[in-house]
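Source file: entry_7.cif. Holds: mmCIF, C-alpha atoms and all ligand atoms.
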data_my_file
loop_
_atom_site.label_atom_id
_atom_site.label_comp_id
_atom_site.auth_asym_id
_atom_site.auth_seq_id
_atom_site.Cartn_x
_atom_site.Cartn_y
_atom_site.Cartn_z
CA MET O 23 177.53 68.10 108.20
CA GLN O 24 180.35 65.61 108.77
CA LYS O 25 180.44 63.82 112.12
CA ILE O 26 182.97 65.45 114.45
CA GLU O 27 184.55 63.58 117.37
CA TRP O 28 184.45 66.55 119.71
CA ASP O 29 186.64 65.08 122.44
CA LYS O 30 189.39 64.10 119.96
CA LEU O 31 189.90 67.52 118.41
CA GLY O 32 193.38 69.00 118.34
CA PHE O 33 194.39 72.35 116.87
CA GLU O 34 193.68 71.41 113.28
CA PHE O 35 191.45 73.01 110.71
CA THR O 36 188.01 71.48 110.24
CA PRO O 37 185.85 73.09 107.56
CA THR O 38 182.55 74.53 108.79
CA LYS O 39 179.37 75.84 107.18
CA SER O 40 180.56 79.35 106.37
CA ASN O 41 183.04 82.18 106.69
CA LEU O 42 182.14 85.86 106.74
CA ARG O 43 183.86 88.23 104.29
CA PHE O 44 184.10 92.00 104.26
CA THR O 45 185.76 94.16 101.61
CA TYR O 46 187.27 97.61 102.11
CA LYS O 47 186.97 99.81 99.03
CA ASP O 48 186.83 103.56 98.44
CA GLY O 49 187.60 104.20 102.09
CA LYS O 50 184.90 102.07 103.69
CA TRP O 51 184.03 98.51 104.76
CA ASP O 52 180.98 96.84 103.20
CA ASP O 53 178.29 94.94 105.15
CA GLY O 54 179.88 91.51 104.77
CA GLU O 55 178.63 88.29 103.24
CA LEU O 56 178.67 84.65 104.32
CA TYR O 57 180.46 82.22 101.95
CA ASP O 58 180.38 78.43 101.95
CA THR O 59 183.78 78.09 100.24
CA TYR O 60 187.28 78.80 101.55
CA ASP O 61 188.64 79.82 98.16
CA ILE O 62 189.16 83.44 97.17
CA THR O 63 190.20 85.01 93.92
CA VAL O 64 192.87 87.60 94.45
CA SER O 65 195.65 88.99 92.26
CA VAL O 66 199.12 87.51 92.78
CA VAL O 67 200.32 91.11 92.77
CA ALA O 68 198.31 91.76 95.96
CA ASN O 69 200.33 93.62 98.56
CA ALA O 70 199.79 90.90 101.21
CA PHE O 71 201.97 88.38 99.33
CA HIS O 72 204.92 90.70 98.75
CA TYR O 73 205.00 93.28 101.47
CA GLY O 74 203.06 91.47 104.16
CA GLN O 75 200.12 93.69 104.93
CA ALA O 76 198.39 90.77 106.64
CA ILE O 77 197.19 90.66 110.24
CA PHE O 78 194.94 88.38 112.23
CA GLU O 79 193.31 87.63 115.55
CA GLY O 80 192.37 84.53 117.52
CA LEU O 81 189.47 84.15 119.96
CA LYS O 82 187.10 81.42 121.09
CA ALA O 83 183.43 80.64 121.62
CA PHE O 84 182.34 78.11 124.25
CA THR O 85 179.20 76.20 125.11
CA THR O 86 178.42 76.94 128.74
CA CYS O 87 177.04 74.47 131.28
CA ASP O 88 173.55 75.96 130.86
CA GLY O 89 173.58 75.57 127.07
CA ARG O 90 174.44 79.11 126.01
CA VAL O 91 177.12 79.84 123.38
CA CYS O 92 179.41 82.64 124.52
CA ILE O 93 182.40 84.41 122.99
CA PHE O 94 185.27 85.30 125.31
CA ARG O 95 186.20 89.02 125.30
CA PRO O 96 185.69 89.82 121.57
CA GLU O 97 185.99 93.57 122.25
CA ALA O 98 189.59 93.01 123.32
CA ASN O 99 190.44 91.32 120.01
CA ALA O 100 188.62 94.10 118.14
CA ALA O 101 190.85 96.66 119.84
CA ARG O 102 194.03 94.64 119.23
CA ILE O 103 193.45 94.06 115.51
CA ASN O 104 193.01 97.81 115.13
CA SER O 105 196.28 98.38 116.94
CA SER O 106 197.93 95.96 114.48
CA ALA O 107 196.17 97.74 111.59
CA ARG O 108 197.48 101.15 112.67
CA HIS O 109 201.04 99.81 112.81
CA LEU O 110 200.87 98.42 109.28
CA LEU O 111 198.92 101.34 107.77
CA MET O 112 195.86 99.18 107.24
CA PRO O 113 192.30 100.43 107.77
CA GLU O 114 190.72 99.97 111.16
CA PHE O 115 187.64 97.76 111.39
CA PRO O 116 184.99 99.41 113.60
CA GLU O 117 185.00 97.61 116.95
CA ASP O 118 181.23 97.19 117.25
CA LYS O 119 181.17 95.85 113.69
CA PHE O 120 183.90 93.35 114.67
CA VAL O 121 181.90 92.07 117.64
CA GLU O 122 178.73 91.84 115.51
CA ALA O 123 180.68 89.98 112.79
CA VAL O 124 181.99 87.46 115.33
CA LYS O 125 178.45 86.90 116.64
CA ARG O 126 177.10 86.53 113.09
CA VAL O 127 179.68 83.98 111.97
CA VAL O 128 179.39 81.96 115.20
CA ALA O 129 175.57 82.00 114.94
CA ASP O 130 175.75 80.72 111.37
CA ASN O 131 178.11 77.94 112.47
CA ILE O 132 176.43 77.13 115.76
CA ASP O 133 176.38 73.39 115.00
CA TYR O 134 180.18 73.47 115.00
CA VAL O 135 180.56 74.80 118.54
CA PRO O 136 181.78 71.82 120.59
CA PRO O 137 179.25 70.79 123.26
CA TYR O 138 179.81 71.52 126.95
CA GLY O 139 182.00 68.93 128.64
CA THR O 140 184.03 67.92 125.56
CA GLY O 141 186.91 70.31 126.30
CA GLY O 142 186.57 71.82 122.82
CA SER O 143 185.72 75.32 121.64
CA LEU O 144 185.04 77.14 118.40
CA TYR O 145 188.17 79.02 117.39
CA ILE O 146 187.51 82.26 115.52
CA ARG O 147 190.24 83.52 113.23
CA PRO O 148 189.63 86.99 111.73
CA VAL O 149 192.24 87.75 109.08
CA MET O 150 192.76 91.06 107.22
CA PHE O 151 195.01 91.54 104.17
CA GLY O 152 195.79 94.01 101.41
CA ILE O 153 194.50 92.99 97.97
CA THR O 154 195.36 95.87 95.63
CA PRO O 155 197.66 94.71 92.82
CA GLN O 156 200.77 96.87 93.14
CA ILE O 157 204.51 96.55 92.78
CA GLY O 158 205.75 99.60 94.72
CA VAL O 159 206.23 99.50 98.48
CA SER O 160 203.21 101.37 99.78
CA PRO O 161 199.98 100.52 101.58
CA SER O 162 197.23 98.73 99.71
CA LYS O 163 194.09 100.70 98.84
CA GLU O 164 191.75 97.71 99.13
CA TYR O 165 191.51 95.02 101.80
CA MET O 166 189.59 91.93 102.79
CA MET O 167 188.66 90.91 106.32
CA ILE O 168 187.48 87.31 106.65
CA PHE O 169 186.13 85.72 109.83
CA ILE O 170 186.94 81.99 109.70
CA VAL O 171 185.76 79.57 112.38
CA THR O 172 186.85 76.02 113.19
CA PRO O 173 186.23 73.71 116.15
CA VAL O 174 189.41 72.99 118.13
CA GLY O 175 190.71 71.09 121.12
CA ALA O 176 194.16 71.26 122.66
CA TYR O 177 197.08 73.03 120.96
CA TYR O 178 199.74 71.02 122.81
CA LYS O 179 199.08 67.97 124.97
CA GLY O 180 195.84 69.26 126.37
CA GLY O 181 194.41 70.02 129.77
CA LEU O 182 197.13 70.69 132.25
CA THR O 183 199.69 68.20 130.92
CA PRO O 184 203.08 69.94 131.07
CA VAL O 185 205.30 70.36 127.99
CA GLU O 186 209.04 70.97 127.69
CA ALA O 187 210.42 74.24 126.34
CA CYS O 188 213.73 75.27 124.94
CA ILE O 189 215.36 78.69 124.91
CA SER O 190 215.89 80.06 121.44
CA VAL O 191 219.33 81.65 121.37
CA ASP O 192 220.21 80.37 117.94
CA PHE O 193 219.39 83.72 116.42
CA ASP O 194 219.70 87.29 117.59
CA ARG O 195 216.06 87.63 116.91
CA ALA O 196 213.21 89.00 118.95
CA ALA O 197 210.15 86.99 119.83
CA PRO O 198 209.03 87.93 116.36
CA HIS O 199 205.36 87.82 117.14
CA GLY O 200 205.09 90.76 119.37
CA THR O 201 207.51 93.21 117.84
CA GLY O 202 205.65 96.50 118.03
CA HIS O 203 202.85 94.60 119.80
CA ILE O 204 201.36 93.57 116.48
CA LYS O 205 199.85 90.27 115.49
CA ALA O 206 201.07 90.17 111.89
CA ALA O 207 201.32 87.11 109.68
CA GLY O 208 204.96 87.64 108.68
CA ASN O 209 206.08 87.78 112.29
CA TYR O 210 204.97 84.19 112.78
CA ALA O 211 206.82 83.00 109.69
CA ALA O 212 209.96 84.59 111.13
CA GLY O 213 209.59 82.54 114.32
CA MET O 214 209.13 79.17 112.66
CA LEU O 215 212.82 78.37 112.29
CA SER O 216 213.43 78.69 116.03
CA THR O 217 210.48 76.42 116.78
CA LYS O 218 211.71 73.88 114.20
CA ILE O 219 215.11 73.82 115.93
CA ALA O 220 213.45 73.47 119.35
CA LYS O 221 211.47 70.49 118.05
CA GLU O 222 214.16 68.73 116.04
CA GLN O 223 217.26 69.30 118.13
CA HIS O 224 215.76 69.46 121.59
CA HIS O 225 212.43 67.58 121.22
CA CYS O 226 210.55 70.52 122.72
CA PRO O 227 207.24 71.60 121.19
CA VAL O 228 207.81 75.23 122.06
CA ALA O 229 210.64 77.76 121.86
CA LEU O 230 211.09 80.48 124.46
CA PHE O 231 212.40 83.77 123.06
CA LEU O 232 214.70 86.06 125.02
CA ASP O 233 215.21 89.76 124.44
CA PRO O 234 217.26 89.95 121.24
CA ALA O 235 219.69 92.63 122.38
CA THR O 236 221.14 91.09 125.53
CA HIS O 237 219.62 87.59 125.87
CA THR O 238 219.25 88.28 129.58
CA MET O 239 215.48 88.71 129.79
CA VAL O 240 212.56 86.44 129.01
CA ASP O 241 210.11 87.60 126.32
CA GLU O 242 207.56 84.99 125.28
CA PHE O 243 206.99 81.60 123.68
CA GLY O 244 206.47 81.19 119.94
CA THR O 245 202.73 80.73 120.44
CA SER O 246 202.00 82.37 123.76
CA ASN O 247 202.97 84.59 126.69
CA PHE O 248 205.25 83.46 129.53
CA LEU O 249 203.96 83.41 133.09
CA ALA O 250 205.43 82.01 136.27
CA ILE O 251 204.72 81.60 139.96
CA THR O 252 207.65 82.50 142.20
CA LYS O 253 208.61 80.47 145.26
CA ASP O 254 206.90 83.09 147.42
CA GLY O 255 203.68 82.67 145.46
CA LYS O 256 203.66 85.73 143.17
CA TYR O 257 202.40 85.75 139.58
CA VAL O 258 205.15 87.18 137.34
CA THR O 259 205.02 87.91 133.63
CA PRO O 260 207.42 89.89 131.42
CA ASP O 261 206.90 93.57 130.86
CA SER O 262 208.50 93.77 127.43
CA LYS O 263 207.94 95.79 124.28
CA SER O 264 208.40 92.71 122.14
CA VAL O 265 205.67 90.46 123.49
CA LEU O 266 202.11 90.30 122.25
CA PRO O 267 199.69 91.88 124.76
CA SER O 268 197.87 88.62 125.44
CA ILE O 269 194.19 88.80 126.30
CA THR O 270 194.50 85.50 128.16
CA ASN O 271 197.40 86.82 130.24
CA ASN O 272 195.48 90.01 130.95
CA SER O 273 192.49 87.92 132.10
CA LEU O 274 194.68 85.64 134.22
CA MET O 275 196.30 88.62 135.95
CA GLN O 276 192.80 89.75 136.92
CA VAL O 277 191.83 86.23 138.02
CA ALA O 278 195.04 85.97 140.09
CA GLU O 279 194.31 89.31 141.78
CA ASP O 280 190.74 88.20 142.48
CA LEU O 281 192.21 85.10 144.15
CA GLY O 282 194.47 87.25 146.33
CA ILE O 283 197.68 86.46 144.43
CA THR O 284 200.19 89.30 144.00
CA VAL O 285 200.77 90.08 140.31
CA GLU O 286 204.08 91.49 139.04
CA ARG O 287 204.40 92.61 135.42
CA ARG O 288 208.10 93.37 135.17
CA PRO O 289 211.26 92.31 133.35
CA VAL O 290 211.79 88.61 134.06
CA MET O 291 215.49 87.74 134.02
CA ARG O 292 216.90 84.64 132.37
CA ALA O 293 218.93 84.20 135.58
CA GLU O 294 215.65 83.90 137.53
CA LEU O 295 214.43 80.89 135.56
CA LYS O 296 216.21 78.44 137.85
CA ASP O 297 214.43 79.84 140.92
CA LEU O 298 210.82 79.81 139.70
CA ALA O 299 208.29 77.44 141.26
CA GLU O 300 205.83 77.07 138.36
CA VAL O 301 206.06 78.10 134.70
CA ALA O 302 203.39 78.10 132.01
CA ALA O 303 202.54 79.34 128.54
CA CYS O 304 199.25 81.18 128.13
CA GLY O 305 197.16 82.25 125.16
CA THR O 306 193.86 81.65 123.42
CA ALA O 307 195.07 78.54 121.60
CA VAL O 308 197.27 77.08 124.37
CA VAL O 309 194.98 78.20 127.26
CA ILE O 310 197.37 77.60 130.19
CA THR O 311 199.94 74.98 129.27
CA PRO O 312 202.29 74.19 132.17
CA VAL O 313 206.00 73.86 131.38
CA SER O 314 207.81 70.96 133.05
CA ARG O 315 211.35 72.04 132.20
CA ILE O 316 213.25 74.63 130.19
CA TYR O 317 216.44 73.68 128.36
CA ASP O 318 218.94 76.53 128.31
CA GLY O 319 222.12 75.35 126.62
CA ASP O 320 223.72 72.89 129.03
CA GLN O 321 221.39 73.83 131.86
CA VAL O 322 217.93 72.46 132.59
CA TYR O 323 215.47 74.19 134.89
CA GLU O 324 212.86 71.86 136.39
CA TYR O 325 209.31 72.80 137.36
CA GLY O 326 207.81 69.33 137.86
CA ASP O 327 205.98 66.87 135.69
CA LYS O 328 202.64 67.77 137.24
CA VAL O 329 200.83 71.07 137.20
CA GLY O 330 201.49 73.22 140.26
CA ALA O 331 198.76 74.17 142.73
CA THR O 332 198.60 77.86 141.78
CA MET O 333 198.45 77.25 138.02
CA GLN O 334 195.71 74.70 138.67
CA LYS O 335 193.71 77.29 140.63
CA ILE O 336 193.94 80.05 138.02
CA TYR O 337 193.26 77.56 135.19
CA ASP O 338 190.14 76.27 136.95
CA THR O 339 188.90 79.82 137.47
CA LEU O 340 189.50 81.03 133.90
CA THR O 341 188.11 77.91 132.21
CA GLY O 342 185.28 77.90 134.77
CA ILE O 343 184.27 81.42 133.70
CA GLN O 344 184.46 80.40 130.02
CA LYS O 345 182.21 77.39 130.67
CA GLY O 346 179.77 79.33 132.83
CA VAL O 347 180.50 77.37 136.03
CA VAL O 348 182.32 80.27 137.75
CA PRO O 349 180.53 83.68 137.92
CA ASP O 350 181.58 86.04 135.11
CA THR O 351 182.12 89.00 137.42
CA HIS O 352 184.07 91.02 134.83
CA ASN O 353 181.48 90.56 132.05
CA TRP O 354 183.91 88.82 129.75
CA LEU O 355 181.32 86.60 128.02
CA VAL O 356 179.31 87.83 125.04
CA GLU O 357 176.31 85.62 124.39
CA VAL O 358 175.44 84.43 120.88
CA LYS O 359 172.35 82.45 121.84
N1 LIG A 1 201.96 85.54 122.18
C1 LIG A 1 201.90 85.07 120.93
C2 LIG A 1 203.14 85.05 120.12
C3 LIG A 1 200.69 84.60 120.39
O1 LIG A 1 200.63 84.14 119.16
C4 LIG A 1 199.55 84.61 121.21
C5 LIG A 1 198.26 84.16 120.70
O2 LIG A 1 197.55 84.88 120.09
C6 LIG A 1 199.66 85.09 122.51
C7 LIG A 1 200.87 85.54 122.96
C8 LIG A 1 198.48 85.08 123.42
O3 LIG A 1 197.54 86.07 123.11
P1 LIG A 1 196.02 85.85 123.46
O4 LIG A 1 195.95 85.45 124.87
O5 LIG A 1 195.38 87.15 123.21
O6 LIG A 1 195.53 84.77 122.56
C1 LIG A 2 196.05 82.22 119.38
O1 LIG A 2 196.31 81.75 120.49
O2 LIG A 2 194.90 82.57 119.07
C2 LIG A 2 197.08 82.38 118.36
O3 LIG A 2 196.87 83.08 117.40
C3 LIG A 2 198.35 81.66 118.49
C4 LIG A 2 198.67 80.74 117.38
C5 LIG A 2 199.94 80.08 117.68
C6 LIG A 2 197.60 79.73 117.14
#
Mind converting the file's structure to structure tokens?
Ligand code: PLP
Ligand code: COI
Amino acid sequence: MQKIEWDKLGFEFTPTKSNLRFTYKDGKWDDGELYDTYDITVSVVANAFHYGQAIFEGLKAFTTCDGRVCIFRPEANAARINSSARHLLMPEFPEDKFVEAVKRVVADNIDYVPPYGTGGSLYIRPVMFGITPQIGVSPSKEYMMIFIVTPVGAYYKGGLTPVEACISVDFDRAAPHGTGHIKAAGNYAAGMLSTKIAKEQHHCPVALFLDPATHTMVDEFGTSNFLAITKDGKYVTPDSKSVLPSITNNSLMQVAEDLGITVERRPVMRAELKDLAEVAACGTAVVITPVSRIYDGDQVYEYGDKVGATMQKIYDTLTGIQKGVVPDTHNWLVEVK
């Protein structure tokens, strides 16, 4: 095993010992097999390349302060990949089998789970795609589901260092990721141009998508959900059909309620952005990444170059649960060892 500098990890791919592969054939999933290579042999006529029957998930395993390795809410990702599968006419993957598969692949790669205290985690990326060679537009008959793992650190700057964001109004396009609430590969490709423009023209690492029809409501960031704290201390997050139902956001809403913070899931207006006290992006990869300012054409909305007190509190609670230093009262952790 190569030496990994755990505290220097970003969100890049590091090869590990194995990945776990399942095949769907004749109407059923097989029992899966561990592979020590990342290469696959698949026909170029496979449906996934042409018509985009390709979906994925993202979740993490953590080393806790008492030396356990725990996966955060894998049942929620199992449910969401099946929701994506139903939307794209792909076969569902039994939810208990999904959780067992995650445990199996993490157990086999246990040496790659970053130690407690390094700030890292093992990112788990299950990916399902259609493999039947076909030229007509119709669902594939055969599929693969592969559970990949890789140790990661911060997606953006890390910890609670704020980043700048930029509103994407260059295209009349939805936050492509969530359309229909599905986490499909092609949706991400469709969002890359907006993020490239945010980076190159505005020097912002992240683009914020508005509702495509009116551009008056906030949807989500290219990588994550939008959340904010209002000046009167409420947690607000968009209720929109075109955002991904984030498991992190769902957990944070619960954490906020537990801390006595009022939670509002409702349309968040673009016109409100100037009045918000704290803004952040949230998701598995980005955890909670505070936003210092949002560029909106000629206007700039400022939220401060330091994390706000409420974001700090909910971040400490969520990451505390994941690391085993805050009681897991909602039974979100699934132990591997
Ligand atoms: N929104 C988008 C577009 C995402 O890619 C993600 C990450 O998966 C999220 C939101 C956050 O979802 P979760 O918290 O389940 O990772
Ligand atoms: C995740 O947070 O797991 C995602 O899939 C988002 C992606 C931008 C890495």
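Distances here use all atoms listed in the file; by that measure, the residue among O:Asp261, O:Glu164, O:Glu242, O:Asp130 closest to ligand LIG 2 (chain A) is O:Glu242.
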Surrounding residues as a list in words, ligand LIG 1 (chain A), max 6 Å, all atoms listed in the file: Gly80, His199, Gly244, Thr245, Ser246, Asn247, Leu266, Ser268, Ile269, Thr270, Asn271, Gly305 and Thr306 of chain O
Any idea what's packed within 9 Å of region 283-298 of chain O, counting only C-alpha atoms, ignoring anything in its chain fewer than 3 positions away? Could you give it as a PyMOL selection string? chain O and resi 232+237-241+250-253+255-262+275-280+301+316+322-325
My list of candidates is O:Val185, O:Ala331, O:Ile153, O:Met167. Which is closest to Glu114 (chain O) when distances are computed with only C-alpha atoms?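 Looking at the shortest contact to Glu114 (chain O), the residue is O:Met167.
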Pick from O:Thr172, O:Ser106, O:Thr332, O:Thr36 nearest to Gln75 (chain O), counting only C-alpha atoms: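 Ranking O:Thr172, O:Ser106, O:Thr332, O:Thr36 by distance to Gln75 (chain O), first place goes to O:Ser106.
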Quick one: everything within 12 Å of region 223-228 of chain O, counting only C-alpha atoms, minus sequence neighbours fewer than 5 positions away in the same chain. Send it as a PyMOL selection string. chain O and resi 177-179+184-190+192+213-218+242-248+302-303+308+311-320+322
Taking only C-alpha atoms into account, name the residue in O:Asn41, O:Tyr145, O:Asp29, O:Thr63 that is nearest to Cys92 (chain O).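 Distance minimum relative to Cys92 (chain O) lands on O:Tyr145.
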Nearby residues (all atoms listed in the file) at most 7 Å from Ser40 (chain O), same-chain spacing under 4 positions excluded, as a PDB file with C-alpha atoms, in the frame of the given file:
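Output file out-v1.pdb follows:
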ATOM      1  CA  LEU O  56     178.670  84.650 104.320  1.00  0.00           C
ATOM      2  CA  TYR O  57     180.460  82.220 101.950  1.00  0.00           C
ATOM      3  CA  ASP O  58     180.380  78.430 101.950  1.00  0.00           C
ATOM      4  CA  ASN O 131     178.110  77.940 112.470  1.00  0.00           C
TER       5      ASN O 131
END
Fewer than 3 positions away in the same chain doesn't count, so skip those; otherwise give me all residues within 12 Å of Val127 (chain O), counting only C-alpha atoms, as an MDAnalysis selection string. chainID O and resid 38:44 54:58 83 93 120:124 130:135 144:148 168:172 358
Given all atoms listed in the file as the counted atoms, nearest of O:Val356, O:Ala307, O:Ile336, O:Ala212 to ligand LIG 2 (chain A):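 Residue with the minimum atom-to-atom distance to ligand LIG 2 (chain A): O:Ala307.
Counting all atoms listed in the file, the residue from O:Lys221, O:His72, O:Arg95, O:Lys30 that sits nearest to Ile157 (chain O) is O:His72.
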Kindly list the centre and edge lengths in Å, rounded to one decimal, for the axis-aligned box that covers all listed atoms of region 159-164 of chain O plus 4 Å on each of its six sides, as JSON.
{"center_x": 199.0, "center_y": 99.5, "center_z": 100.0, "size_x": 22.5, "size_y": 11.7, "size_z": 11.1}
Report, in Å to a single decimal, how far apart atom O1 of ligand LIG 2 (chain A) and CA of Gly181 (chain O) are. 15.1 Å
One number please: CA of Leu182 (chain O) to CA of Lys25 (chain O), in Å, one decimal.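 CA of Leu182 (chain O) sits 27.0 Å away from CA of Lys25 (chain O).
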Compile the contact shell of Gly158 (chain O) as a ChimeraX atom specification: residues with an atom at most 10 Å away, counting all atoms listed in the file, same-chain residues fewer than 2 positions apart removed. /O:69,72-73,155-156,160-162
CA of Trp51 (chain O) to CA of Thr154 (chain O), straight-line distance in Å: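 These atoms are spaced 14.8 Å apart.
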